[in-house]
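Asks: This is the structure I have questions about; it appears just below.
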Amino acid sequence: MPGNVTNAAPASVLPQVLCTAFQQTREIAMQANDYRNGESQRGLQVASSRRKWTLAVRLSASALATLRSFYLARRGETEPFYYYDPFAVVPIGSNYDPTGASATGRVTVRFDGPWQQSMGIARTDVQIQLVEVN
């Protein structure tokens, strides 16, 4: 049918060295109407929450180079990829599969936002997020 959007088809996996550098948050989209008398009316716009992962640690030079080259290879926000959430399984980090074949703890994500970085003494801060696609 014309106009349909196909599902994301990831072809790569975020390197394992970077998987533990992200912190997960959940976002539930809702509509809110606030009235002048202090009352509010709220309603959900989605059936389930959307997960996001924010880079939560300062990166060493080698980790920064790995993340930057991976970001550029995905053309920023345009290409989806697999992210293995190391905190989704027990023992922590036992689910990583560099081929992307294992579905345990695997999430289809894309980068959310442009590349932003600031340099400090011996470390680099990068403000980047991963957002769940499916």
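Letters for chains follow the order of the structure tokens (A, B, ...), residue numbers begin at 1 for each chain, and ligand numbers begin at 1 in the order shown.
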Which parts of chain A does DSSP call alpha helix (DSSP H) when run on the backbone here, written out as a list in words?

Replies: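 Everything in chain A that counts as alpha helix (DSSP H) is Gln16, Val17, Leu18, Cys19, Ala61, Ser62, Ala63, Leu64, Ala65, Thr66, Leu67, Arg68, Ser69, Phe70, Tyr71, Leu72 and Ala73 of chain A.
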
Asks: Store the residues picked out above in a file with C-alpha atoms, as an mmCIF file, in the first residue's frame.

Replies:
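Just written: selection-v1.cif:
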data_model
loop_
_atom_site.group_PDB
_atom_site.id
_atom_site.type_symbol
_atom_site.label_atom_id
_atom_site.label_comp_id
_atom_site.auth_asym_id
_atom_site.auth_seq_id
_atom_site.Cartn_x
_atom_site.Cartn_y
_atom_site.Cartn_z
ATOM 1 C CA GLN A 16 30.096 -4.118 23.782
ATOM 2 C CA VAL A 17 32.553 -1.682 25.351
ATOM 3 C CA LEU A 18 29.892 1.053 25.078
ATOM 4 C CA CYS A 19 26.829 -0.899 26.241
ATOM 5 C CA ALA A 61 39.852 8.614 24.251
ATOM 6 C CA SER A 62 39.533 5.092 22.815
ATOM 7 C CA ALA A 63 35.859 4.740 23.856
ATOM 8 C CA LEU A 64 35.116 8.172 22.400
ATOM 9 C CA ALA A 65 36.722 7.209 19.093
ATOM 10 C CA THR A 66 34.698 3.977 19.013
ATOM 11 C CA LEU A 67 31.412 5.798 19.710
ATOM 12 C CA ARG A 68 32.159 8.590 17.236
ATOM 13 C CA SER A 69 33.037 6.198 14.403
ATOM 14 C CA PHE A 70 29.930 4.088 15.142
ATOM 15 C CA TYR A 71 27.766 7.255 15.154
ATOM 16 C CA LEU A 72 29.191 8.407 11.817
ATOM 17 C CA ALA A 73 28.847 4.939 10.269
#

Asks: Would you pick out the contacts of A:Val126 at 10 Å or less, using only C-alpha atoms, so that residues sharing its chain but fewer than 6 positions from it are not included, and give the list as a list of chain:residue names?

Replies: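 Selected residues are A:Thr54, A:Leu55, A:Ala56, A:Val57, A:Arg58, A:Leu59, A:Leu64, A:Leu67, A:Arg68, A:Trp115, A:Gln116, A:Gln117, A:Ser118, A:Met119.
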
Asks: Output N, CA and C atoms of each residue in that selection to a file, as a PDB file, in the first residue's frame.

Replies:
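Result file again-v3.pdb:
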ATOM      1  N   THR A  54      20.578   7.220  28.010  1.00  0.00           N
ATOM      2  CA  THR A  54      21.424   8.404  27.976  1.00  0.00           C
ATOM      3  C   THR A  54      22.835   8.009  28.373  1.00  0.00           C
ATOM      4  N   LEU A  55      23.811   8.538  27.663  1.00  0.00           N
ATOM      5  CA  LEU A  55      25.205   8.279  28.012  1.00  0.00           C
ATOM      6  C   LEU A  55      25.454   8.859  29.397  1.00  0.00           C
ATOM      7  N   ALA A  56      25.897   8.019  30.329  1.00  0.00           N
ATOM      8  CA  ALA A  56      25.972   8.414  31.733  1.00  0.00           C
ATOM      9  C   ALA A  56      27.386   8.492  32.287  1.00  0.00           C
ATOM     10  N   VAL A  57      28.392   8.205  31.498  1.00  0.00           N
ATOM     11  CA  VAL A  57      29.767   8.227  31.990  1.00  0.00           C
ATOM     12  C   VAL A  57      30.634   9.060  31.053  1.00  0.00           C
ATOM     13  N   ARG A  58      31.756   9.529  31.596  1.00  0.00           N
ATOM     14  CA  ARG A  58      32.750  10.190  30.765  1.00  0.00           C
ATOM     15  C   ARG A  58      33.524   9.117  30.019  1.00  0.00           C
ATOM     16  N   LEU A  59      33.867   9.414  28.796  1.00  0.00           N
ATOM     17  CA  LEU A  59      34.533   8.425  27.951  1.00  0.00           C
ATOM     18  C   LEU A  59      36.027   8.671  27.861  1.00  0.00           C
ATOM     19  N   LEU A  64      35.660   7.063  23.172  1.00  0.00           N
ATOM     20  CA  LEU A  64      35.116   8.172  22.400  1.00  0.00           C
ATOM     21  C   LEU A  64      35.294   7.936  20.910  1.00  0.00           C
ATOM     22  N   LEU A  67      32.776   5.269  19.795  1.00  0.00           N
ATOM     23  CA  LEU A  67      31.412   5.798  19.710  1.00  0.00           C
ATOM     24  C   LEU A  67      31.265   6.755  18.534  1.00  0.00           C
ATOM     25  N   ARG A  68      32.226   7.609  18.332  1.00  0.00           N
ATOM     26  CA  ARG A  68      32.159   8.590  17.236  1.00  0.00           C
ATOM     27  C   ARG A  68      32.153   7.897  15.873  1.00  0.00           C
ATOM     28  N   TRP A 115      25.340  15.068  17.416  1.00  0.00           N
ATOM     29  CA  TRP A 115      26.546  14.797  18.193  1.00  0.00           C
ATOM     30  C   TRP A 115      26.949  16.084  18.923  1.00  0.00           C
ATOM     31  N   GLN A 116      27.100  15.994  20.259  1.00  0.00           N
ATOM     32  CA  GLN A 116      27.556  17.125  21.062  1.00  0.00           C
ATOM     33  C   GLN A 116      28.608  16.617  22.022  1.00  0.00           C
ATOM     34  N   GLN A 117      29.746  17.271  22.054  1.00  0.00           N
ATOM     35  CA  GLN A 117      30.792  16.846  22.981  1.00  0.00           C
ATOM     36  C   GLN A 117      31.505  18.041  23.565  1.00  0.00           C
ATOM     37  N   SER A 118      32.043  17.870  24.772  1.00  0.00           N
ATOM     38  CA  SER A 118      32.863  18.892  25.411  1.00  0.00           C
ATOM     39  C   SER A 118      34.084  18.212  25.997  1.00  0.00           C
ATOM     40  N   MET A 119      35.218  18.887  25.900  1.00  0.00           N
ATOM     41  CA  MET A 119      36.484  18.312  26.351  1.00  0.00           C
ATOM     42  C   MET A 119      36.803  18.781  27.764  1.00  0.00           C
TER      43      MET A 119
END

Asks: Within chain A, find each residue whose DSSP state, derived from the backbone, is strand (DSSP E), and express the selection as a PyMOL selection string.

Replies: chain A and resi 22-27+30-34+40-44+50-55+81-84+106-112+117-119+124-126+129-132

Asks: Skip A:Arg106 itself and residues of its chain fewer than 4 positions away, then list as a PyMOL selection string all residues within 7 Å of it, counting only C-alpha atoms.

Replies: chain A and resi 82-85

Asks: With N, CA and C atoms retained, write the just-selected residues as a short mmCIF file (atom, residue, chain, number, x, y, z; two decimals), in the first residue's frame.

Replies:
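Below is the file that was written, part.cif:
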data_model
loop_
_atom_site.label_atom_id
_atom_site.label_comp_id
_atom_site.auth_asym_id
_atom_site.auth_seq_id
_atom_site.Cartn_x
_atom_site.Cartn_y
_atom_site.Cartn_z
N TYR A 82 21.16 -2.52 16.73
CA TYR A 82 20.82 -3.27 17.93
C TYR A 82 21.66 -2.79 19.12
N TYR A 83 20.99 -2.70 20.25
CA TYR A 83 21.65 -2.39 21.51
C TYR A 83 21.31 -3.50 22.47
N TYR A 84 22.33 -4.11 23.06
CA TYR A 84 22.10 -5.14 24.07
C TYR A 84 22.19 -4.50 25.45
N ASP A 85 21.03 -4.36 26.09
CA ASP A 85 20.97 -3.75 27.42
C ASP A 85 21.57 -4.73 28.43
#

Asks: List the neighbours of A:Ser94 out to 10 Å using only C-alpha atoms; skip same-chain residues closer than 5 positions along the sequence, and give me the result as a CSV table (one decimal) with C-alpha atoms, in the first residue's frame.

Replies:
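Okay, part32.csv is ready:
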chain,number,residue,atom,x,y,z
A,84,TYR,CA,22.1,-5.1,24.1
A,85,ASP,CA,21.0,-3.8,27.4
A,86,PRO,CA,23.4,-5.4,29.9
A,87,PHE,CA,21.1,-4.7,32.8
A,88,ALA,CA,18.1,-6.6,31.3
A,89,VAL,CA,19.5,-10.0,32.2
A,104,THR,CA,17.8,-11.9,24.8
A,105,GLY,CA,18.0,-8.2,25.9

Asks: When you draw a straight line from atom CA of A:Asp97 to atom CA of A:Pro10, how long is it in Å?

Replies: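 One can read the atom CA of A:Asp97 to atom CA of A:Pro10 distance as 14.0 Å.
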
Asks: Return the single residue from A:Glu77, A:Ser60, A:Ala47, A:Glu39 that is closest to A:Gly120, with distances computed using only C-alpha atoms.

Replies: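 Between A:Glu77, A:Ser60, A:Ala47, A:Glu39, the residue approaching A:Gly120 most closely is A:Ser60.
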
Asks: Rounded to one decimal in Å, what is the spacing between atom CA of A:Thr6 and atom CA of A:Gly100?

Replies: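 Value for the atom CA of A:Thr6-atom CA of A:Gly100 distance: 19.7 Å.
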
Asks: Write out as a count of residues only which residues come within 7 Å of stretch 26-30 of chain A when counting only C-alpha atoms, dropping same-chain ones fewer than 5 positions away.

Replies: 10

Asks: Would you mind telling me which residue in A:Leu14, A:Ala21, A:Gln41, A:Pro91 lies nearest to A:Phe111 when using only C-alpha atoms?

Replies: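 Answer, going by the shortest atom-to-atom distance: A:Leu14.
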
Asks: Which value, in Å to one decimal, gives the distance between atom CA of A:Ala8 and atom CA of A:Pro80?

Replies: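 These two atoms are separated by 6.4 Å.
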
Asks: A:Asn33, A:Val109, A:Trp53, A:Ser102: which is nearest A:Asn134, counting only C-alpha atoms?

Replies: A:Val109
